[in-house]
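One structure is given below, encoded as structure tokens.
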Amino acid sequence: MAPQEPIDEAGLLRMRDSMTHRGPDDAGHWLTAHVALGSRRLAILDLSDRGHMPMSTSDGRYQIVYNGEVYNHPELRRMLQSRGHSFRSGTDTEVLLALFAEEGPAMLDRLNGMFALAIWDSLDQSLFLARDRFGIKPLYYAVDEQLLYFASEQKALFAAGLTPRFDPTTWEELLVFRYVAGSRTPLAGISRLLPGHWMRWRNGAVESCCWWSLSDRASAVRENLPADAIRWFGQTFDDSVSLRRVSDVPLGVLLSGGLDSSSVAASLSVHGGAGVSSFTMRFAESDYDEGPLARQVADRWGLAFHECRLSAEQLFSQLEHASWLNDEPLAHGNDVHLWAVSKFAKQHVTVLLSGEGSDELLGGYVRYQPLLHPWLIAGARRALPRIARVVPLRGRLEKLNRFIALGPLDNFVLFNSCDVLPADLRTIGFEPTGRFEYRENVLDAAKRLYPREPFRQAMYSDQHTFLCSLLDRNDRMTMGASIECRVPFLDYRLLETAAALPTHTLLSRWKSKHLLRASVGSRLPPAVLQARKWGFGVPWRSYMRDKSEFRELLDQLTRLEPIASGPFDLRKLRALIDEFFSGNDRGLLLLRQLAMVAIWHRAHFGRPSMTFGGAPVPSSALR
């Protein structure tokens with residue numbers, strides 16, 4: 001902002017076009033002596049050129065670039081028309097711009113949707129950036145020599161000429177949690193605008209504000225809870241799905257066959273009728289394949305059923321490009337599969353709905369269950385070590401024993417989403433600190449909102465950390481295929497009220513996701529309701545041990561950056577790799593994460609040291 005030299009138009013265009021996948025339908029830019037804005041458009045509403053961005057108000061004062069959808073824009077449009085506004089397009093972009101001109105940052109409270117936006121005020125000479133309540137849509141920024149750079153993806157910042165540098169202080173969090181939470185990223189100097197926050201840049205000074213807080217909203221809603229929680233949930237969930245049908249392009253649903261996506265599919269069919277397209281990832285390994293359940297849901301509701309398959313060899317060849325799309329090390333075992341099914345779906349639709357967020361909303365993770373009864377943890381703390389001396393612990397008992405060894409119950413909550421614990425890093429010569437400031441601050445807020453309820457504290461913590469990693473993955477992999485993915489379970493009305501409900505109302509003694517089952521479960525086949533908690537699992541153990549491409553990657557791990565120059569004892573790492581190859585799974589998840597970091601580093605830093613097989617990243621992906 002207010003640079004000493006003219007803004008580099010070519011650099012702006014490089015930034016914009018590094019994200020062509022996010023908006024293949026249109027491109028625009030606008031620049032003055034003080035600001036440069038660029039936009040790629042994925043046309044969803046009003047497909048005409050009236051939706052071109054950057055978009056300005058009629059008087060030219062405000063310019064906007066924007067990514068996302070505001071689902072209640074028709075209601076907001078009518079309100080603004082009653083105040084004398086007229087509109088040139090049918091886009092939600094123009095509604096947002098008019099609303100900001102009227103109300104400024106206060107307008108954010110009116111929005112039901114997902115969004116990252118930037119608005120330049122030529123009169124005030126200021127730039128306003130804002131992000132939706134849960135961070136469904138991304139927004140990154142960097143400050144360099146009195147210039148503010150911002151974009152939907154980090155790669156665009158480097159296209160502007162900033163130098164990508166790995167931040168080695170993030171190693172511990174990357175390996176334990178697989179994701180750097182809060183405003184930090186694994187890339188030095190690159191920050192993310194936090195969910196539910198806005199910032200304003202004026203004359204080189206930054207003002208920021210938390211415009212939405214789940215803790216504050218849940219506390220307020222507690223004063224006016226619904227009389228019938230089950231009826232409230234069913235009606236609000238259906239309305240959330242119905243709102244997310246707004247589109248001028250074909251729309252479908254990601255259908256895994258689990259309770260969450262099946263509920264979305266059923267509700268979508270109730271509102272949209274038969275023939276809605278569904279897309280399911282299939283696996284050759286029956287233990288991971290939910291295809292038969294998904295088929296039952298599709299048959300029940302007359303969905304057009306489409307299935308996609310991805311072999312281990314195809315998975316490996318696409319890991320590097322998926323890492324480039326993601327900008328950070330892949331954090332979840334199914335990232336590439338989500339990208340693959342999205343590319344497949346793009347042949348039929350441009351918008352998808354998914355069941356993301358239900359577990360965090362309704363307490364669906366099995367890993368929460370021990371926290372529901374802290375007295376059982378106290379008993380297990382005494383019994384399990386004695387049992388382990390006699391009989392080897394396996395499965396969930398082994399994991400429970402590992403968590404008990406963490407000490408205080410707060411640590412059980414803090415590390416609840418982890419498969420790798422800080423102490424595990426000693427196996428590769430890394431001495432952990434066990435300290436994660438942002439995550440600890442979130443836990444402190446959770447304890448204030450839910451004193452003496454570790455179950456709810458874990459849910460709240462996940463909503464501000466683990467869910468962010470899922471939403472980042474969801475955005476990058478779907479937008480990487482030029483697909484917009486909408487998440488009905490994260491309608492703010494659902495999350496605010498669910499967070500305010502007492503635990504005995506939110507949960508049932510016998511079944512997970514009580515409110516969802518009781519309100520819309522009758523729409524689903526019995527097999528879906530009775531199925532065990534599955535998740536979107538991928539057979540990584542067999543891939544990494546049995547497939548030559550993965551074995552070669554692991555075999556070279558000690559020579560790949562940033563691991564080779566990292567804070568590790570490479571002899572211990574080599575021993576862990578050999579132990580895994582010999583059949584011991586102890587290091588599986590740590591090795592997989594190290595492999596994901598190495599692949600990501602190659603994708604973004606272009607080191608020539610990675611020589612194992614697999615398709616190279618296209619040169620266009622390395623801009």
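Naming works like this for the structure tokens: A, B, ... for the chains as they're shown, residue 1 at the start of each chain, ligands 1 onward in shown order.
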Neighbour list for segment 50-55 of chain A as an MDAnalysis selection string, cut-off 7 Å, only C-alpha atoms, skip fewer than 2 positions in-chain: chainID A and resid 28:30 37:39 46:48 63:65 89 91
Helix (DSSP H, G or I) residues, from DSSP on the backbone, in segment 259-484 of chain A, as an MDAnalysis selection string: chainID A and resid 259:272 286:288 291:301 312:326 335:345 358:362 366:372 374:388 395:404 409:414 422:428 437:449 454:464 466:479
Where does segment 25-94 of chain A meet segment 491-511 of chain A within 12 Å, residue by residue, with the nearest atom pair and distance in Å to one decimal for each, counting only C-alpha atoms, listed by chain and rising number, as JSON lines?
```
{"residue": "A:Val70", "atom": "CA", "partner": "A:Asp491", "partner_atom": "CA", "distance": 11.2}
{"residue": "A:Tyr71", "atom": "CA", "partner": "A:Asp491", "partner_atom": "CA", "distance": 10.1}
{"residue": "A:Asn72", "atom": "CA", "partner": "A:Asp491", "partner_atom": "CA", "distance": 11.4}
```
Against segment 230-252 of chain A, which residues of segment 311-363 of chain A fall within 9 Å? For each one I want the closest pair of atoms and the distance in Å (one decimal), counting only C-alpha atoms, rows by chain and increasing residue number, as CSV.
```
residue,atom,partner,partner_atom,distance
A:Ala345,CA,A:Gly252,CA,8.3
A:His348,CA,A:Pro250,CA,7.2
A:Val349,CA,A:Pro250,CA,4.7
A:Thr350,CA,A:Pro250,CA,5.9
A:Val351,CA,A:Leu251,CA,4.7
A:Leu352,CA,A:Gly252,CA,4.8
A:Leu353,CA,A:Gly252,CA,6.4
```
Sorted by chain and rising residue number, which residues of segment 208-280 of chain A lie within 8 Å of segment 295-300 of chain A, and what are their closest atom pairs and distances in Å to one decimal, counting only C-alpha atoms, as a Markdown table?
```
| residue | atom | partner | partner_atom | distance |
| --- | --- | --- | --- | --- |
| A:Gly257 | CA | A:Val297 | CA | 7.1 |
| A:Ser262 | CA | A:Val297 | CA | 6.5 |
| A:Ala265 | CA | A:Val297 | CA | 7.9 |
| A:Ala266 | CA | A:Val297 | CA | 7.6 |
| A:Ser278 | CA | A:Ala298 | CA | 7.3 |
```
Let's have the selection written as a short mmCIF file (atom, residue, chain, number, x, y, z; two decimals), in the first residue's frame, with N, CA and C atoms.
```cif
data_model
loop_
_atom_site.label_atom_id
_atom_site.label_comp_id
_atom_site.auth_asym_id
_atom_site.auth_seq_id
_atom_site.Cartn_x
_atom_site.Cartn_y
_atom_site.Cartn_z
N GLY A 257 -21.34 -42.70 2.17
CA GLY A 257 -22.10 -43.82 2.72
C GLY A 257 -22.18 -43.76 4.22
N SER A 262 -24.68 -39.00 4.05
CA SER A 262 -25.97 -39.59 3.68
C SER A 262 -27.11 -38.69 4.12
N ALA A 265 -27.24 -35.87 1.65
CA ALA A 265 -27.80 -36.34 0.38
C ALA A 265 -29.31 -36.48 0.47
N ALA A 266 -29.80 -37.06 1.58
CA ALA A 266 -31.24 -37.25 1.74
C ALA A 266 -31.96 -35.91 1.81
N SER A 278 -24.64 -37.87 -7.16
CA SER A 278 -23.81 -38.18 -6.01
C SER A 278 -22.50 -38.78 -6.50
#
```
Counting only C-alpha atoms, what is within 10 Å of segment 453-466 of chain A, bar same-chain residues fewer than 3 positions away, as a PDB file with N, CA and C atoms, in the first residue's frame?
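The resulting file, result_31.pdb, is reproduced below:
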```
ATOM      1  N   PHE A 134     -15.980 -19.657  10.372  1.00  0.00           N
ATOM      2  CA  PHE A 134     -15.240 -20.894  10.641  1.00  0.00           C
ATOM      3  C   PHE A 134     -14.003 -21.050   9.781  1.00  0.00           C
ATOM      4  N   GLY A 135     -13.756 -20.100   8.885  1.00  0.00           N
ATOM      5  CA  GLY A 135     -12.596 -20.211   8.012  1.00  0.00           C
ATOM      6  C   GLY A 135     -12.782 -21.226   6.911  1.00  0.00           C
ATOM      7  N   PHE A 177       0.567 -32.709  15.344  1.00  0.00           N
ATOM      8  CA  PHE A 177      -0.809 -32.381  14.963  1.00  0.00           C
ATOM      9  C   PHE A 177      -1.039 -32.405  13.447  1.00  0.00           C
ATOM     10  N   ARG A 178       0.046 -32.476  12.667  1.00  0.00           N
ATOM     11  CA  ARG A 178       0.011 -32.504  11.203  1.00  0.00           C
ATOM     12  C   ARG A 178      -0.415 -31.165  10.597  1.00  0.00           C
ATOM     13  N   TYR A 179      -0.623 -30.141  11.435  1.00  0.00           N
ATOM     14  CA  TYR A 179      -1.160 -28.871  10.956  1.00  0.00           C
ATOM     15  C   TYR A 179      -0.757 -27.783  11.935  1.00  0.00           C
ATOM     16  N   VAL A 180      -0.301 -26.655  11.417  1.00  0.00           N
ATOM     17  CA  VAL A 180       0.077 -25.522  12.263  1.00  0.00           C
ATOM     18  C   VAL A 180      -1.157 -24.652  12.447  1.00  0.00           C
ATOM     19  N   ALA A 181      -1.691 -24.606  13.657  1.00  0.00           N
ATOM     20  CA  ALA A 181      -2.951 -23.923  13.933  1.00  0.00           C
ATOM     21  C   ALA A 181      -2.732 -22.450  14.224  1.00  0.00           C
ATOM     22  N   GLY A 182      -3.810 -21.693  14.138  1.00  0.00           N
ATOM     23  CA  GLY A 182      -3.752 -20.270  14.439  1.00  0.00           C
ATOM     24  C   GLY A 182      -3.343 -19.465  13.221  1.00  0.00           C
ATOM     25  N   LEU A 194      -7.263 -15.218  10.823  1.00  0.00           N
ATOM     26  CA  LEU A 194      -8.002 -16.208  11.590  1.00  0.00           C
ATOM     27  C   LEU A 194      -9.484 -16.214  11.200  1.00  0.00           C
ATOM     28  N   PRO A 195     -10.136 -17.369  11.318  1.00  0.00           N
ATOM     29  CA  PRO A 195     -11.585 -17.407  11.097  1.00  0.00           C
ATOM     30  C   PRO A 195     -12.298 -16.412  12.001  1.00  0.00           C
ATOM     31  N   LEU A 214     -17.243 -18.013  18.880  1.00  0.00           N
ATOM     32  CA  LEU A 214     -18.155 -19.098  19.249  1.00  0.00           C
ATOM     33  C   LEU A 214     -18.443 -19.068  20.738  1.00  0.00           C
ATOM     34  N   SER A 215     -17.433 -18.785  21.542  1.00  0.00           N
ATOM     35  CA  SER A 215     -17.630 -18.746  22.987  1.00  0.00           C
ATOM     36  C   SER A 215     -18.662 -17.685  23.374  1.00  0.00           C
ATOM     37  N   GLY A 357     -17.652 -31.430   9.042  1.00  0.00           N
ATOM     38  CA  GLY A 357     -17.992 -30.631  10.215  1.00  0.00           C
ATOM     39  C   GLY A 357     -18.966 -31.274  11.169  1.00  0.00           C
ATOM     40  N   ASP A 359     -18.836 -34.167  12.841  1.00  0.00           N
ATOM     41  CA  ASP A 359     -18.220 -34.749  14.039  1.00  0.00           C
ATOM     42  C   ASP A 359     -17.879 -33.676  15.059  1.00  0.00           C
ATOM     43  N   GLU A 360     -17.376 -32.536  14.589  1.00  0.00           N
ATOM     44  CA  GLU A 360     -17.038 -31.445  15.500  1.00  0.00           C
ATOM     45  C   GLU A 360     -18.295 -30.768  16.041  1.00  0.00           C
ATOM     46  N   LEU A 361     -19.347 -30.734  15.238  1.00  0.00           N
ATOM     47  CA  LEU A 361     -20.611 -30.126  15.654  1.00  0.00           C
ATOM     48  C   LEU A 361     -21.330 -30.959  16.702  1.00  0.00           C
ATOM     49  N   LEU A 362     -21.317 -32.289  16.520  1.00  0.00           N
ATOM     50  CA  LEU A 362     -22.174 -33.177  17.314  1.00  0.00           C
ATOM     51  C   LEU A 362     -21.408 -34.153  18.194  1.00  0.00           C
ATOM     52  N   GLY A 363     -20.097 -33.996  18.294  1.00  0.00           N
ATOM     53  CA  GLY A 363     -19.323 -34.869  19.174  1.00  0.00           C
ATOM     54  C   GLY A 363     -19.226 -36.288  18.666  1.00  0.00           C
ATOM     55  N   GLY A 364     -18.997 -36.467  17.362  1.00  0.00           N
ATOM     56  CA  GLY A 364     -19.068 -37.785  16.760  1.00  0.00           C
ATOM     57  C   GLY A 364     -17.811 -38.617  16.814  1.00  0.00           C
ATOM     58  N   TYR A 365     -16.671 -38.029  17.152  1.00  0.00           N
ATOM     59  CA  TYR A 365     -15.430 -38.812  17.136  1.00  0.00           C
ATOM     60  C   TYR A 365     -15.384 -39.803  18.300  1.00  0.00           C
ATOM     61  N   ARG A 367     -12.804 -40.876  19.622  1.00  0.00           N
ATOM     62  CA  ARG A 367     -11.744 -40.448  20.542  1.00  0.00           C
ATOM     63  C   ARG A 367     -12.242 -39.521  21.640  1.00  0.00           C
ATOM     64  N   TYR A 368     -13.440 -38.956  21.488  1.00  0.00           N
ATOM     65  CA  TYR A 368     -14.016 -38.127  22.555  1.00  0.00           C
ATOM     66  C   TYR A 368     -14.553 -38.970  23.716  1.00  0.00           C
ATOM     67  N   GLN A 369     -14.925 -40.201  23.430  1.00  0.00           N
ATOM     68  CA  GLN A 369     -15.727 -40.968  24.377  1.00  0.00           C
ATOM     69  C   GLN A 369     -15.097 -41.124  25.764  1.00  0.00           C
ATOM     70  N   PRO A 370     -13.797 -41.427  25.882  1.00  0.00           N
ATOM     71  CA  PRO A 370     -13.235 -41.544  27.240  1.00  0.00           C
ATOM     72  C   PRO A 370     -13.388 -40.274  28.071  1.00  0.00           C
ATOM     73  N   LEU A 371     -13.439 -39.111  27.402  1.00  0.00           N
ATOM     74  CA  LEU A 371     -13.538 -37.842  28.117  1.00  0.00           C
ATOM     75  C   LEU A 371     -14.931 -37.591  28.672  1.00  0.00           C
ATOM     76  N   LEU A 372     -15.894 -38.386  28.235  1.00  0.00           N
ATOM     77  CA  LEU A 372     -17.254 -38.218  28.736  1.00  0.00           C
ATOM     78  C   LEU A 372     -17.374 -38.708  30.176  1.00  0.00           C
ATOM     79  N   HIS A 373     -16.462 -39.592  30.554  1.00  0.00           N
ATOM     80  CA  HIS A 373     -16.494 -40.169  31.908  1.00  0.00           C
ATOM     81  C   HIS A 373     -15.091 -40.100  32.523  1.00  0.00           C
ATOM     82  N   PRO A 374     -14.688 -38.943  32.996  1.00  0.00           N
ATOM     83  CA  PRO A 374     -13.327 -38.799  33.530  1.00  0.00           C
ATOM     84  C   PRO A 374     -12.994 -39.790  34.639  1.00  0.00           C
ATOM     85  N   LEU A 409      -5.387 -34.393  32.809  1.00  0.00           N
ATOM     86  CA  LEU A 409      -6.493 -34.548  31.873  1.00  0.00           C
ATOM     87  C   LEU A 409      -6.453 -33.488  30.776  1.00  0.00           C
ATOM     88  N   ASP A 410      -5.949 -32.303  31.097  1.00  0.00           N
ATOM     89  CA  ASP A 410      -5.828 -31.255  30.077  1.00  0.00           C
ATOM     90  C   ASP A 410      -5.019 -31.742  28.878  1.00  0.00           C
ATOM     91  N   PHE A 412      -4.840 -34.822  27.824  1.00  0.00           N
ATOM     92  CA  PHE A 412      -5.707 -35.755  27.102  1.00  0.00           C
ATOM     93  C   PHE A 412      -6.576 -34.965  26.123  1.00  0.00           C
ATOM     94  N   VAL A 413      -7.063 -33.816  26.550  1.00  0.00           N
ATOM     95  CA  VAL A 413      -7.882 -32.967  25.677  1.00  0.00           C
ATOM     96  C   VAL A 413      -7.021 -32.325  24.592  1.00  0.00           C
ATOM     97  N   LEU A 414      -5.879 -31.770  24.997  1.00  0.00           N
ATOM     98  CA  LEU A 414      -5.031 -31.037  24.063  1.00  0.00           C
ATOM     99  C   LEU A 414      -4.576 -31.911  22.904  1.00  0.00           C
ATOM    100  N   PHE A 415      -4.203 -33.155  23.193  1.00  0.00           N
ATOM    101  CA  PHE A 415      -3.656 -34.033  22.165  1.00  0.00           C
ATOM    102  C   PHE A 415      -4.680 -35.044  21.651  1.00  0.00           C
ATOM    103  N   ASN A 416      -5.965 -34.783  21.882  1.00  0.00           N
ATOM    104  CA  ASN A 416      -7.004 -35.751  21.555  1.00  0.00           C
ATOM    105  C   ASN A 416      -7.031 -36.134  20.083  1.00  0.00           C
ATOM    106  N   SER A 417      -6.685 -35.216  19.191  1.00  0.00           N
ATOM    107  CA  SER A 417      -6.753 -35.498  17.753  1.00  0.00           C
ATOM    108  C   SER A 417      -5.473 -36.118  17.201  1.00  0.00           C
ATOM    109  N   CYS A 418      -4.494 -36.372  18.068  1.00  0.00           N
ATOM    110  CA  CYS A 418      -3.164 -36.787  17.602  1.00  0.00           C
ATOM    111  C   CYS A 418      -3.012 -38.305  17.590  1.00  0.00           C
ATOM    112  N   TYR A 438      -0.956 -21.411  20.790  1.00  0.00           N
ATOM    113  CA  TYR A 438      -2.293 -21.127  20.275  1.00  0.00           C
ATOM    114  C   TYR A 438      -3.286 -22.196  20.735  1.00  0.00           C
ATOM    115  N   ARG A 439      -2.897 -23.437  20.633  1.00  0.00           N
ATOM    116  CA  ARG A 439      -3.785 -24.533  21.025  1.00  0.00           C
ATOM    117  C   ARG A 439      -4.073 -24.489  22.530  1.00  0.00           C
ATOM    118  N   GLU A 440      -3.087 -24.133  23.314  1.00  0.00           N
ATOM    119  CA  GLU A 440      -3.305 -24.035  24.764  1.00  0.00           C
ATOM    120  C   GLU A 440      -4.255 -22.894  25.094  1.00  0.00           C
ATOM    121  N   ASN A 441      -4.170 -21.782  24.345  1.00  0.00           N
ATOM    122  CA  ASN A 441      -5.098 -20.664  24.560  1.00  0.00           C
ATOM    123  C   ASN A 441      -6.527 -21.063  24.204  1.00  0.00           C
ATOM    124  N   VAL A 442      -6.670 -21.842  23.133  1.00  0.00           N
ATOM    125  CA  VAL A 442      -8.001 -22.343  22.766  1.00  0.00           C
ATOM    126  C   VAL A 442      -8.548 -23.235  23.872  1.00  0.00           C
ATOM    127  N   LEU A 443      -7.708 -24.096  24.425  1.00  0.00           N
ATOM    128  CA  LEU A 443      -8.149 -24.971  25.509  1.00  0.00           C
ATOM    129  C   LEU A 443      -8.566 -24.164  26.730  1.00  0.00           C
ATOM    130  N   ASP A 444      -7.839 -23.098  27.031  1.00  0.00           N
ATOM    131  CA  ASP A 444      -8.225 -22.241  28.161  1.00  0.00           C
ATOM    132  C   ASP A 444      -9.619 -21.651  27.940  1.00  0.00           C
ATOM    133  N   ALA A 445      -9.901 -21.207  26.696  1.00  0.00           N
ATOM    134  CA  ALA A 445     -11.235 -20.676  26.388  1.00  0.00           C
ATOM    135  C   ALA A 445     -12.290 -21.765  26.516  1.00  0.00           C
ATOM    136  N   ALA A 446     -11.948 -22.980  26.085  1.00  0.00           N
ATOM    137  CA  ALA A 446     -12.886 -24.100  26.191  1.00  0.00           C
ATOM    138  C   ALA A 446     -13.206 -24.416  27.649  1.00  0.00           C
ATOM    139  N   LYS A 447     -12.212 -24.327  28.511  1.00  0.00           N
ATOM    140  CA  LYS A 447     -12.430 -24.625  29.928  1.00  0.00           C
ATOM    141  C   LYS A 447     -13.308 -23.567  30.591  1.00  0.00           C
ATOM    142  N   ARG A 448     -13.196 -22.324  30.127  1.00  0.00           N
ATOM    143  CA  ARG A 448     -14.075 -21.279  30.670  1.00  0.00           C
ATOM    144  C   ARG A 448     -15.518 -21.498  30.234  1.00  0.00           C
ATOM    145  N   LEU A 449     -15.712 -21.952  28.999  1.00  0.00           N
ATOM    146  CA  LEU A 449     -17.070 -22.155  28.488  1.00  0.00           C
ATOM    147  C   LEU A 449     -17.670 -23.450  29.020  1.00  0.00           C
ATOM    148  N   TYR A 450     -16.841 -24.468  29.196  1.00  0.00           N
ATOM    149  CA  TYR A 450     -17.314 -25.792  29.643  1.00  0.00           C
ATOM    150  C   TYR A 450     -16.489 -26.268  30.835  1.00  0.00           C
ATOM    151  N   SER A 469      -7.953 -27.573   9.830  1.00  0.00           N
ATOM    152  CA  SER A 469      -7.138 -28.370   8.909  1.00  0.00           C
ATOM    153  C   SER A 469      -8.032 -29.101   7.904  1.00  0.00           C
ATOM    154  N   LEU A 470      -9.175 -29.589   8.352  1.00  0.00           N
ATOM    155  CA  LEU A 470     -10.114 -30.262   7.448  1.00  0.00           C
ATOM    156  C   LEU A 470     -10.679 -29.298   6.412  1.00  0.00           C
ATOM    157  N   LEU A 471     -11.011 -28.090   6.854  1.00  0.00           N
ATOM    158  CA  LEU A 471     -11.600 -27.119   5.939  1.00  0.00           C
ATOM    159  C   LEU A 471     -10.570 -26.615   4.937  1.00  0.00           C
ATOM    160  N   LEU A 495     -24.112 -24.393  14.658  1.00  0.00           N
ATOM    161  CA  LEU A 495     -22.958 -24.494  15.553  1.00  0.00           C
ATOM    162  C   LEU A 495     -23.141 -23.660  16.815  1.00  0.00           C
ATOM    163  N   ALA A 499     -23.474 -25.578  20.381  1.00  0.00           N
ATOM    164  CA  ALA A 499     -22.457 -25.275  21.386  1.00  0.00           C
ATOM    165  C   ALA A 499     -23.075 -24.820  22.699  1.00  0.00           C
ATOM    166  N   PRO A 502     -26.944 -28.078  26.625  1.00  0.00           N
ATOM    167  CA  PRO A 502     -26.306 -28.896  27.665  1.00  0.00           C
ATOM    168  C   PRO A 502     -25.920 -30.255  27.088  1.00  0.00           C
ATOM    169  N   THR A 503     -24.897 -30.851  27.659  1.00  0.00           N
ATOM    170  CA  THR A 503     -24.360 -32.089  27.116  1.00  0.00           C
ATOM    171  C   THR A 503     -25.407 -33.197  27.081  1.00  0.00           C
TER     172      THR A 503
END
```
Each residue of segment 4-114 of chain A lying at most 12 Å from segment 481-490 of chain A should get a row with its shortest atom-to-atom pair and the distance in Å to one decimal, counting only C-alpha atoms; could you produce that, ordered by chain and increasing number, as a Markdown table?
```
| residue | atom | partner | partner_atom | distance |
| --- | --- | --- | --- | --- |
| A:Met19 | CA | A:Ser482 | CA | 10.1 |
| A:Thr20 | CA | A:Ser482 | CA | 8.6 |
| A:His21 | CA | A:Ser482 | CA | 5.4 |
| A:Arg22 | CA | A:Ser482 | CA | 5.5 |
| A:Gly23 | CA | A:Ser482 | CA | 6.7 |
| A:Pro24 | CA | A:Ser482 | CA | 7.2 |
| A:Asp25 | CA | A:Ser482 | CA | 9.5 |
| A:Arg40 | CA | A:Ser482 | CA | 10.9 |
| A:Arg41 | CA | A:Ser482 | CA | 9.9 |
| A:Leu42 | CA | A:Ser482 | CA | 7.1 |
| A:Ala43 | CA | A:Glu484 | CA | 9.9 |
| A:Ile44 | CA | A:Glu484 | CA | 8.6 |
| A:Leu45 | CA | A:Glu484 | CA | 11.9 |
| A:Asn67 | CA | A:Glu484 | CA | 10.0 |
| A:Gly68 | CA | A:Glu484 | CA | 8.2 |
| A:Glu69 | CA | A:Arg486 | CA | 8.8 |
| A:Val70 | CA | A:Arg486 | CA | 10.9 |
| A:Tyr71 | CA | A:Arg486 | CA | 10.2 |
| A:Asn112 | CA | A:Leu490 | CA | 10.0 |
| A:Gly113 | CA | A:Arg486 | CA | 8.9 |
| A:Met114 | CA | A:Arg486 | CA | 8.2 |
```
Residue nearest Ser565 of chain A - candidates A:Trp339, A:Phe403, A:Phe166, A:Trp212, atoms counted: only C-alpha atoms: A:Phe166
Distance in Å - atom CA of Leu162 of chain A versus atom CA of Tyr149 of chain A: 9.3 Å
Those in segment 62-242 of chain A with strand (DSSP E or B) from DSSP, as a ChimeraX atom specification: /A:62-70,113-121,126-131,140-144,147-151,166,187,191-192,197-202,205-210
Counting only C-alpha atoms, give me one row per residue of segment 412-507 of chain A with an atom at most 10 Å from an atom of segment 577-587 of chain A, showing the shortest contact pair and its distance in Å to one decimal, sorted by chain then residue number, as JSON lines.
```
{"residue": "A:Val420", "atom": "CA", "partner": "A:Gly587", "partner_atom": "CA", "distance": 9.0}
{"residue": "A:Asp424", "atom": "CA", "partner": "A:Gly587", "partner_atom": "CA", "distance": 8.7}
{"residue": "A:Leu425", "atom": "CA", "partner": "A:Gly587", "partner_atom": "CA", "distance": 10.0}
{"residue": "A:Thr427", "atom": "CA", "partner": "A:Gly587", "partner_atom": "CA", "distance": 8.7}
{"residue": "A:Ile428", "atom": "CA", "partner": "A:Gly587", "partner_atom": "CA", "distance": 9.7}
```
With C-alpha atoms retained, export the selected residues as a short mmCIF file (atom, residue, chain, number, x, y, z; two decimals), in the first residue's frame.
```
data_model
loop_
_atom_site.label_atom_id
_atom_site.label_comp_id
_atom_site.auth_asym_id
_atom_site.auth_seq_id
_atom_site.Cartn_x
_atom_site.Cartn_y
_atom_site.Cartn_z
CA VAL A 420 1.75 -39.05 17.13
CA ASP A 424 7.18 -40.26 20.10
CA LEU A 425 9.49 -37.73 18.48
CA THR A 427 12.41 -42.11 18.60
CA ILE A 428 13.97 -39.99 15.83
#
```
Pick from A:Leu254, A:Leu516, A:Ala227, A:Ala378 nearest to Asn474 of chain A, counting only C-alpha atoms: A:Leu254
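Residue neighbourhood of Gly302 of chain A, excluding near-sequence residues (fewer than 4 positions): Ser269, Ala274, Gly275, Val276 and Ala298 of chain A, at 8 Å, using only C-alpha atoms.
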